[in-house]
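Some notes on the structure that comes next.
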There are 2 protein chains.
Amino acid sequence: MNSIRNQLLQTHERIAPFVHHTPVMTSSMLNEISGASLFFKCENFQRMGAFKMRGALNAMLQLTPEQKALGVVTHSSGNFAQALALAAKSLGIKAYIVMPDNAPEVKKQAVKGYGGIIVECLPTLKDRESCSENLMKEKGLTFIHPSNDLQVILGQGTAAKELFEDISGLEMIFAPVGGGGLVAGTLLATKSFDPHISVIGCEPMAADDAYRSLLSGKIENNTTTDTMADGLKTALGDINFPIIKEHISEIIRIEEEEIIESMKLIWERMKLVVEPSAAIALAGVLKHKEKLKGKKIGILLSGGNVDLGKLPF
Amino acid sequence: MNSIRNQLLQTHERIAPFVHHTPVMTSSMLNEISGASLFFKCENFQRMGAFKMRGALNAMLQLTPEQKALGVVTHSSGNFAQALALAAKSLGIKAYIVMPDNAPEVKKQAVKGYGGIIVECLPTLKDRESCSENLMKEKGLTFIHPSNDLQVILGQGTAAKELFEDISGLEMIFAPVGGGGLVAGTLLATKSFDPHISVIGCEPMAADDAYRSLLSGKIENNTTTDTMADGLKTALGDINFPIIKEHISEIIRIEEEEIIESMKLIWERMKLVVEPSAAIALAGVLKHKEKLKGKKIGILLSGGNVDLGKLPF
C-alpha cells in the first residue's frame with residue numbers, strides 16, 4: 001500500500017489549491033438518535049457542491065500540455081458533469097459534456113454556468129459512448145470517466161484523508177456507493193493511512209449492483225435504478241470494483257423511505273442541504289445502530305445538489 | 001458605551017459554556033452575485049437552530065437561586081419558545097411556555113422535545129398575557145420576554161460580537177428585524193466594539209412596524225403580518241426600540257418574493273437550511289447591491305427552523 005499512500009499524498013498536494021478542505025460537523029441530536037459518535041465530512045460544501053471536484057481535478061492536472069490544449073470529454077448528467085466543467089474552467093481547459101437530450105434543464109444550466117460545452121446525445125448508453133468517441137476522434141479530446149479511473153478514484157480518496165487528519169480515532173466510515181469512485185478512493189485512503197478503520201458502503205435497494213457484485217464476485221448490472229438517489233444509479237467498473245471487492249467490510253442496502261428519513265434528519269437537525277445520495281450514509285448507520293453503540297464513525301456527506309422544486313418531503 | 005461593553009463581555013463569558021460559537025461561512029458565488037464580500041454568521045447552526053438560545057440563557061443565568069427553583073414562563077409560538085425550553089433544560093430549571101391552542105403541532109412537539117411545559121391559551125394577545133400572569137402568580141414563575149428585555153438583548157448581541165472577533169474589517173452588518181432583540185443586541189455590540197460598522201435592518205414589507213416606527217419616532221403596530229417570515233411578525237418594545245432608534249443606519253423593507261429568492265440562493269448555493277426570517281438579510285443586501293459594491297458585509301443568518309412540509313419553493 002505504500003505506493004498508493006504516496007500517490008494519495010501527491011494527489012492531495014496537487015488538488016489542494018483548487019478544492020475546499022471541507023469542514024467536519026457533528027450533531028448531539030444525531031449522536032443521541034444513533035447511539036454512536038458521528039463525524040460528518042461535509043462535501044456538500046465542496047466547490048460545485050460535491051466531492052466529484054476532487055477526482056476531476058486530479059485527472060485533469062496530470063494531462064500533458066498537448067492534452068490540456070485540446071480539451072477533455074466525459075458523459076454524465078450528474079455531479080461529475082458539473083465537476084469536470086468547473087475543474088476545467090479553473091485550469092483553463094475546454095470541457096465537453098455529453099448529456100442525454102432528456103436531461104433536466106436545471107442540470108444543463110448548471111453545466112453551462114460552469115463553462116462546460118454540452119453535446120446532446122440520445123438517452124442510451126450506446127449513443128452516449130459513441131458520441132463521446134466521435135468527439136475524441138474529431139477534436140483529439142481526452143476522455144475522463146466519472147468513476148472508473150484510478151486518478152479520479154485517488155482524487156475522491158482525499159476526502160477521507162482530510163477526515164482522518166481532522167478527526168482521530170475513527171473506527172468506521174460510512175460512504176455511499178454509486179459508480180464506486182468515492183468508496184474505492186475511501187478504501188485506498190483507509191488502507192494506506194489507517195487500516196484499522198472499516199469502510200461500509202451504503203447503496204439503494206433499487207440499484208444494488210455493488211451488493212450483488214460482492215456476492216457473485218463479478219460486476220453485476222442494475223436491473224432497476226428506480227431510486228431518488230440519482231447519483232447512485234451508475235454501474236461499477238473494472239478499475240474500482242477490484243479495490244472494493246478486496247477491502248470493503250460490508251455493503252448495506254437502503255430503502256427509499258430510509259433515505260428520505262435520513263435526509264430529513266440532516267436537513268432538520270443539522271441545517272445542511274444534502275442530496276439523497278449523501279443522506280444514504282446516515283441511513284446505513286441508523287439501520288445498523290444496534291451494532292454501532294458507542295462507535296466513532298465518519299460519514300461522507302457526498303454532495304448537496306438538489307432540485308428544490310422536487311423534494312421528497 | 002463602556003458599561004454596555006463590559007456587560008456584553010460578561011454576557012458572553014456567562015453564556016459561552018452553553019452555546020455554540022457558530023461558524024462564519026462565505027460563498028464565492030454569492031460574492032459574485034452581490035458584488036460585495038459577504039460573511040454569513042451561521043446562527044442556524046446554534047443550539048435549537050437559532051440565536052434565541054443566547055438571550056434566553058443570559059436572562060436565565062442571572063436569576064436568583066429562588067427564582068431558578070420556581071421556574072420561568074414566556075409566551076411564544078416561535079424560536080424563543082424552544083430556546084427557553086432548551087436553555088431551561090440545560091440549567092435544570094422548569095420552563096412554562098404559553099402557546100396559542102392553534103399553534104402548529106410541529107412547534108408544540110419541538111418545545112416538548114426540549115422539555116418545555118406547554119400551557120395552551122386562546123390565540124389572542126390578551127389571553128396570552130393573562131395566562132402568563134396567572135402562571136406567574138400561581139407558581140411564582142419569572143417572566144422572560146422573547147425580545148424586550150435588556151438581558152435577552154445583550155445575549156443576542158454576542159452573535160455579532162463573535163462575528164467581529166472572527167472577521168476583521170467589516171463595514172456593515174445586515175440583520176433581520178422582528179421583535180427587535182437581535183438587531184438591538186447587534187447595535188449595542190457594534191457601538192461598543194466597532195462604532196464604524198453600520199447596522200442595516202431588514203424587515204418584511206408585510207410586517208413593517210419597525211420601518212414605520214423609525215419614521216414616526218414612536219412604536220407603531222403591525223396592521224398586517226401576512227409574511228412567510230414568521231419570526232418577524234412580532235412587535236417592537238419599549239426597551240429595544242430606543243436602542244434601535246438611536247443607532248440603526250436604515251431599515252430596508254423586503255417583498256415576499258425577494259425573501260424566497262434569497263432563501264433559494266442560500267439553500268442552493270451555500271447548502272444551508274435557513275428560515276425565511278434569516279434569508280431576509282441577504283435579500284436586503286441584494287436589493288441595495290448597487291450601493292454596496294466591494295463592501296465587506298456581515299450577514300446574520302438568524303435561524304434554520306423550517307417546516308420541510310411547507311417550503312415556498
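In the C-alpha cells, the first chain shown is A, the next is B, and so on; residue numbers restart at 1 for each chain, and ligands run from 1 in the order shown.
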
Taking only C-alpha atoms into account, produce a table as a Markdown table in which each residue of chain B with an atom at most 6 Å from an atom of chain A appears once, together with its shortest atom pair and the distance in Å to one decimal, ordered by chain and rising number.
| residue | atom | partner | partner_atom | distance |
| --- | --- | --- | --- | --- |
| B:Lys271 | CA | A:Val273 | CA | 4.6 |
| B:Leu272 | CA | A:Leu272 | CA | 5.0 |
| B:Val273 | CA | A:Lys271 | CA | 4.6 |
| B:Gly309 | CA | A:Phe313 | CA | 5.7 |
| B:Phe313 | CA | A:Gly309 | CA | 5.7 |

Writing out the chosen residues with C-alpha atoms as a PDB file, in the first residue's frame:
ATOM      1  CA  LYS B 271     -26.177  24.286   1.091  1.00  0.00           C
ATOM      2  CA  LEU B 272     -27.517  25.823   4.276  1.00  0.00           C
ATOM      3  CA  VAL B 273     -31.019  25.357   5.630  1.00  0.00           C
ATOM      4  CA  GLY B 309     -43.518  20.108   4.528  1.00  0.00           C
ATOM      5  CA  PHE B 313     -40.415  26.500  -3.468  1.00  0.00           C
TER       6      PHE B 313
END

For Asn222 in chain B: contacts at 8 Å, only C-alpha atoms, fewer than 2 positions along chain excluded, given as a list in words:
Ala207, Asp208, Asp209, Glu220, Thr224, Thr225, Lys233 and Ala235 of chain B

Only N, CA and C atoms, please: the residues just picked out, written as a PDB file, in the first residue's frame.
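File written: part_2.pdb
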ATOM      1  N   ALA B 207     -44.910  43.334   7.317  1.00  0.00           N
ATOM      2  CA  ALA B 207     -44.907  43.487   8.786  1.00  0.00           C
ATOM      3  C   ALA B 207     -43.861  44.558   9.111  1.00  0.00           C
ATOM      4  N   ASP B 208     -44.102  45.764   8.596  1.00  0.00           N
ATOM      5  CA  ASP B 208     -43.068  46.805   8.581  1.00  0.00           C
ATOM      6  C   ASP B 208     -43.188  47.792   9.739  1.00  0.00           C
ATOM      7  N   ASP B 209     -43.538  47.267  10.925  1.00  0.00           N
ATOM      8  CA  ASP B 209     -43.716  48.149  12.084  1.00  0.00           C
ATOM      9  C   ASP B 209     -42.437  48.909  12.444  1.00  0.00           C
ATOM     10  N   GLU B 220     -44.860  51.790  16.396  1.00  0.00           N
ATOM     11  CA  GLU B 220     -46.080  51.581  15.608  1.00  0.00           C
ATOM     12  C   GLU B 220     -46.400  50.087  15.625  1.00  0.00           C
ATOM     13  N   THR B 224     -50.755  44.531   9.309  1.00  0.00           N
ATOM     14  CA  THR B 224     -50.795  43.201   8.698  1.00  0.00           C
ATOM     15  C   THR B 224     -49.556  42.442   9.166  1.00  0.00           C
ATOM     16  N   THR B 225     -49.642  41.107   9.148  1.00  0.00           N
ATOM     17  CA  THR B 225     -48.434  40.303   9.409  1.00  0.00           C
ATOM     18  C   THR B 225     -48.439  39.123   8.446  1.00  0.00           C
ATOM     19  N   LYS B 233     -42.887  38.681  12.766  1.00  0.00           N
ATOM     20  CA  LYS B 233     -44.227  39.265  12.867  1.00  0.00           C
ATOM     21  C   LYS B 233     -44.415  40.049  14.157  1.00  0.00           C
ATOM     22  N   ALA B 235     -43.900  42.506  17.565  1.00  0.00           N
ATOM     23  CA  ALA B 235     -43.806  43.964  17.688  1.00  0.00           C
ATOM     24  C   ALA B 235     -42.573  44.384  18.487  1.00  0.00           C
TER      25      ALA B 235
END

Selection: 7 Å around range 116-126 of chain A, only C-alpha atoms, excl. self and same-chain fewer than 6 positions, as a list of chain:residue names:
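Listed by chain and then number, they are A:Ala85, A:Ala95, A:Tyr96, A:Ile97, A:Val98, A:Met99, A:Pro100, A:Asp101, A:Asn102.
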
DSSP-assigned helix (DSSP H, G or I) among range 166-275 of chain B, expressed as a count of residues only
51

Taking 5 positions as the minimum chain separation for residues in the same chain, which residues sit within 8 Å of range 211-217 of chain A when counting only C-alpha atoms? Answer as a list in words.
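Skipping anything fewer than 5 positions along the chain leaves Glu203, Lys245, Ile251, Ile252 and Arg253 of chain A.
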
Output file for the residues above (C-alpha atoms, as an mmCIF file, in the first residue's frame):
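result-v6.cif, written as the output of this step:
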data_model
loop_
_atom_site.group_PDB
_atom_site.id
_atom_site.type_symbol
_atom_site.label_atom_id
_atom_site.label_comp_id
_atom_site.auth_asym_id
_atom_site.auth_seq_id
_atom_site.Cartn_x
_atom_site.Cartn_y
_atom_site.Cartn_z
ATOM 1 C CA GLU A 203 -26.472 1.540 -1.633
ATOM 2 C CA LYS A 245 -14.027 -6.311 -3.526
ATOM 3 C CA ILE A 251 -22.468 -3.064 1.747
ATOM 4 C CA ILE A 252 -25.804 -2.194 3.323
ATOM 5 C CA ARG A 253 -28.856 -1.817 1.122
#

Would you mind listing what lies within 10 Å of Gln156 in chain A as a list in words, with only C-alpha atoms counted and same-chain residues fewer than 3 positions away left out?
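In the requested format, the answer is Leu8, Thr11, His12, Phe51, Lys52, Met53, Arg54, Gly55, Ala56, Leu57, Asn58, Ser147, Leu150, Gln151, Val152, Ile153, Ala159, Ala160, Lys161, Gly181, Leu182, Val183, Ala184, Gly185, Thr186, Leu188, Ala189 and Ser302 of chain A.
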
In terms of the shortest atom-to-atom distance over only C-alpha atoms, which of A:Gly237, A:Leu301, A:Thr142, A:Cys131 is closest to Cys202 in chain A?
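Nearest candidate to Cys202 in chain A out of A:Gly237, A:Leu301, A:Thr142, A:Cys131: A:Leu301.
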
Would you mind listing what lies within 7 Å of Gln82 in chain A as a list in words, with only C-alpha atoms counted and same-chain residues fewer than 5 positions away left out?
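Those residues are Met48, Ala110, Val111 and Tyr114 of chain A.
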
Deliver the residues from the most recent selection as a file, using C-alpha atoms, as a short mmCIF file (atom, residue, chain, number, x, y, z; two decimals), in the first residue's frame.
data_model
loop_
_atom_site.label_atom_id
_atom_site.label_comp_id
_atom_site.auth_asym_id
_atom_site.auth_seq_id
_atom_site.Cartn_x
_atom_site.Cartn_y
_atom_site.Cartn_z
CA MET A 48 -19.86 22.83 -7.18
CA ALA A 110 -25.58 24.19 -14.12
CA VAL A 111 -23.01 22.71 -16.52
CA TYR A 114 -19.56 26.49 -15.10
#

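The space separating CA of Asn79 in chain B from CA of Gly231 in chain B comes to 7.5 Å.
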
Could you name the residues that touch Ile4 in chain B at 10 Å or less, counting only C-alpha atoms, but leaving out those on the same chain fewer than 2 positions away, as a list of chain:residue names?
B:Met1, B:Asn2, B:Asn6, B:Gln7, B:Leu8, B:Leu9, B:Gln10, B:Leu154, B:Leu188, B:Ala189, B:Lys191, B:Ser192, B:Phe193

Atom-to-atom span, CA of Lys94 in chain A and CA of Gly71 in chain A, Å:
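These two atoms are separated by 4.6 Å.
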
Assign secondary structure with DSSP using the backbone only, and return the residues of range 71-271 of chain B in strand (DSSP E) as an MDAnalysis selection string.
chainID B and resid 72:75 95:100 117:121 142:143 172:176 198:204 250:254
